[in-house]
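A.B. asks: My questions all concern the structure below.
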Amino acid sequence: MLYIIGLGLNENGISAEGLEIVKRCKTVYLENYTVEFPYSVNSISELIGKKVKVVDREYVESLEIIDESVKKSIALLVYGDPLMATTHITIMDECRKSGVKYKVVHAASILDAVSETGLQIYKFGKIASMPKWDIQKKFEPMSFMETIMENKSIQAHSLILCDIGLKFKDAMKQLKIAAEKANFKNIGNIVVCSKLGTPYSHVWYDFIQNLEEKNINAPFCIIIPGKMHFVEQEYLEGFRKL
């Protein structure tokens, strides 16, 4: 049987159910390609009391884990909630087609934690993903800006999830370039969240030019607010002073 288990947002974020299950599993895998962990892999091993095998995208997408799950209980640990990544939906679909039993154990995700900003979660639009550009290879996708503009047109907030390996200063630079090329002239104040759900979480609210030189560490995300209720606006203003 295959268990796909969310770890939540900090090293103690796994649920009691998830912890009980993972201790019973013969092999425990940890995927490491969707986010930069705010804590060490060793702390996970210490928590569950057994060795954790770190696997990359290639291994997970090869679906070897499903083959293993035919004969024994396997756990795949995922940062946040396990169904935030499309890959894991693919695994579940393959399990159904192969007749392999599986169970998903949910946990807190960034979609829960952004509520700490005071922005109302039901007022968010489509989620955007900002990849790390490679200018030398002319890899500069700007689909995230299309999503921002689409959300802005319906006055919705935009959550931008930043890919692993993307530094904060580069993310700010990419956002500015993409906005300029899309003729999106009024980004205004933005929200930056770092390490939400951990003891080191922090939220900033300011203009890009006032934030771009800050030393903000991963994992972080960016929010472009849409039309705000006065309560949202008032609460966000409190982060401007931090």
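Every chain in the structure tokens takes a letter, A first, then B, and so on in the order presented; its residues are numbered from 1, and the ligands are numbered from 1 following the presented order.
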Determine, counting only C-alpha atoms, which protein, DNA and RNA residues have an atom within 8 Å of an atom of region 49-52 of chain A; residues of the same chain fewer than 3 positions away are not included. Present the result as a list in words.
C.D. replies: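 The contact residues come out as Lys23, Thr27, Val28, Tyr29, Leu30, Val41, Ile44, Ser45 and Glu46 of chain A.
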A.B. asks: Take the selection from the previous step and output its residues with N, CA and C atoms, as a short mmCIF file (atom, residue, chain, number, x, y, z; two decimals), in the first residue's frame.
C.D. replies:
```cif
data_model
loop_
_atom_site.label_atom_id
_atom_site.label_comp_id
_atom_site.auth_asym_id
_atom_site.auth_seq_id
_atom_site.Cartn_x
_atom_site.Cartn_y
_atom_site.Cartn_z
N LYS A 23 5.38 5.36 10.78
CA LYS A 23 6.17 4.49 11.65
C LYS A 23 5.95 3.01 11.33
N THR A 27 9.37 1.34 4.04
CA THR A 27 10.28 2.30 3.41
C THR A 27 9.62 3.67 3.42
N VAL A 28 10.42 4.71 3.69
CA VAL A 28 9.90 6.08 3.73
C VAL A 28 10.69 6.94 2.77
N TYR A 29 10.01 7.51 1.80
CA TYR A 29 10.63 8.41 0.83
C TYR A 29 10.23 9.85 1.13
N LEU A 30 11.10 10.77 0.77
CA LEU A 30 10.83 12.20 0.90
C LEU A 30 11.14 12.87 -0.42
N VAL A 41 16.49 17.42 6.79
CA VAL A 41 15.93 16.08 6.61
C VAL A 41 16.19 15.24 7.86
N ILE A 44 13.43 15.21 10.33
CA ILE A 44 12.31 14.34 9.98
C ILE A 44 12.60 12.91 10.43
N SER A 45 13.82 12.46 10.16
CA SER A 45 14.23 11.11 10.55
C SER A 45 14.14 10.93 12.06
N GLU A 46 14.57 11.96 12.79
CA GLU A 46 14.51 11.89 14.25
C GLU A 46 13.07 11.84 14.75
#
```
A.B. asks: Pull the alpha helix (DSSP H) assignments for region 28-203 of chain A out of DSSP run on the backbone, and list those residues as a VMD selection string.
C.D. replies: chain A and resid 41 to 48 57 to 61 64 to 69 86 to 98 110 to 113 143 to 153 168 to 181
A.B. asks: For Pro141 (chain A), which of A:Met1, A:Val70, A:Leu175, A:Leu236 is the closest residue, counting only C-alpha atoms?
C.D. replies: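 Selected residue with least distance to Pro141 (chain A): A:Leu175.
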A.B. asks: For Cys95 (chain A), which residue out of A:Met172, A:Ile4, A:Val78, A:Ile110 is the nearest one, using only C-alpha atoms?
C.D. replies: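 Using only C-alpha atoms, the shortest distance to Cys95 (chain A) belongs to A:Ile4.
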A.B. asks: Considering only C-alpha atoms, can you say which of A:Ile135, A:Met130, A:Met149, A:Leu83 comes closest to Asn186 (chain A)?
C.D. replies: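 Of all the options, A:Met149 lies closest to Asn186 (chain A).
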A.B. asks: What lies within 7 Å of region 195-201 of chain A using only C-alpha atoms, ignoring chain neighbours under 3 positions off, as a VMD selection string?
C.D. replies: chain A and resid 9 to 10 38 113 218 to 220
A.B. asks: Got a sec to tell me which of region 29-105 of chain A DSSP assigns to strand (DSSP E or B), as a PyMOL selection string?
C.D. replies: chain A and resi 29-31+53-55+74-78+80+102-105
A.B. asks: Skipping near chain neighbours, those fewer than 6 positions away, what residues fall within 9 Å of Leu47 (chain A) using only C-alpha atoms, listed as a PyMOL selection string?
C.D. replies: chain A and resi 11-12+19
A.B. asks: Given the choices A:Val100, A:Ala179, A:Leu159, A:Val191, which gets closest to Glu212 (chain A) if the distance is worked out from only C-alpha atoms?
C.D. replies: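 For Glu212 (chain A), the nearest of the given residues is A:Val191.
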A.B. asks: Grab the CA of Asp67 (chain A) to CA of Val104 (chain A) distance for me, in Å with one decimal place.
C.D. replies: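 Separating CA of Asp67 (chain A) from CA of Val104 (chain A) is a distance of 17.4 Å.
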A.B. asks: Write out as a list in words each polymer residue whose atoms come within 9 Å of Met92 (chain A), counting only C-alpha atoms; drop sequence neighbours fewer than 3 positions from it.
C.D. replies: Ile4, Thr87, His88, Ile89, Cys95, Arg96, Lys97, Tyr102, Lys103 and Val104 of chain A
A.B. asks: Compile the contact shell of Trp204 (chain A) as an MDAnalysis selection string: residues with an atom at most 9 Å away, counting only C-alpha atoms, same-chain residues fewer than 6 positions apart removed.
C.D. replies: chainID A and resid 117 190:194 211 236 239:242
A.B. asks: Counting only C-alpha atoms, which of A:Val35, A:Ile66, A:Ala156, A:Met228 gets nearest to Gly125 (chain A)?
C.D. replies: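 So, comparing all the options, the nearest one is A:Ala156.
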A.B. asks: Identify, on the basis of only C-alpha atoms, every residue whose closest approach to Ile127 (chain A) does not exceed 12 Å; exclude the query and any residue fewer than 2 positions from it along the same chain; express the result as a PyMOL selection string.
C.D. replies: chain A and resi 84+110-111+121+123-125+129-130+143-151+156-162+221-224
A.B. asks: Tell me which of A:Asp206, A:Glu36, A:Glu237, A:Glu140 sits closest to Ala171 (chain A), counting only C-alpha atoms.
C.D. replies: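 Among A:Asp206, A:Glu36, A:Glu237, A:Glu140, it is A:Glu140 that comes nearest to Ala171 (chain A).
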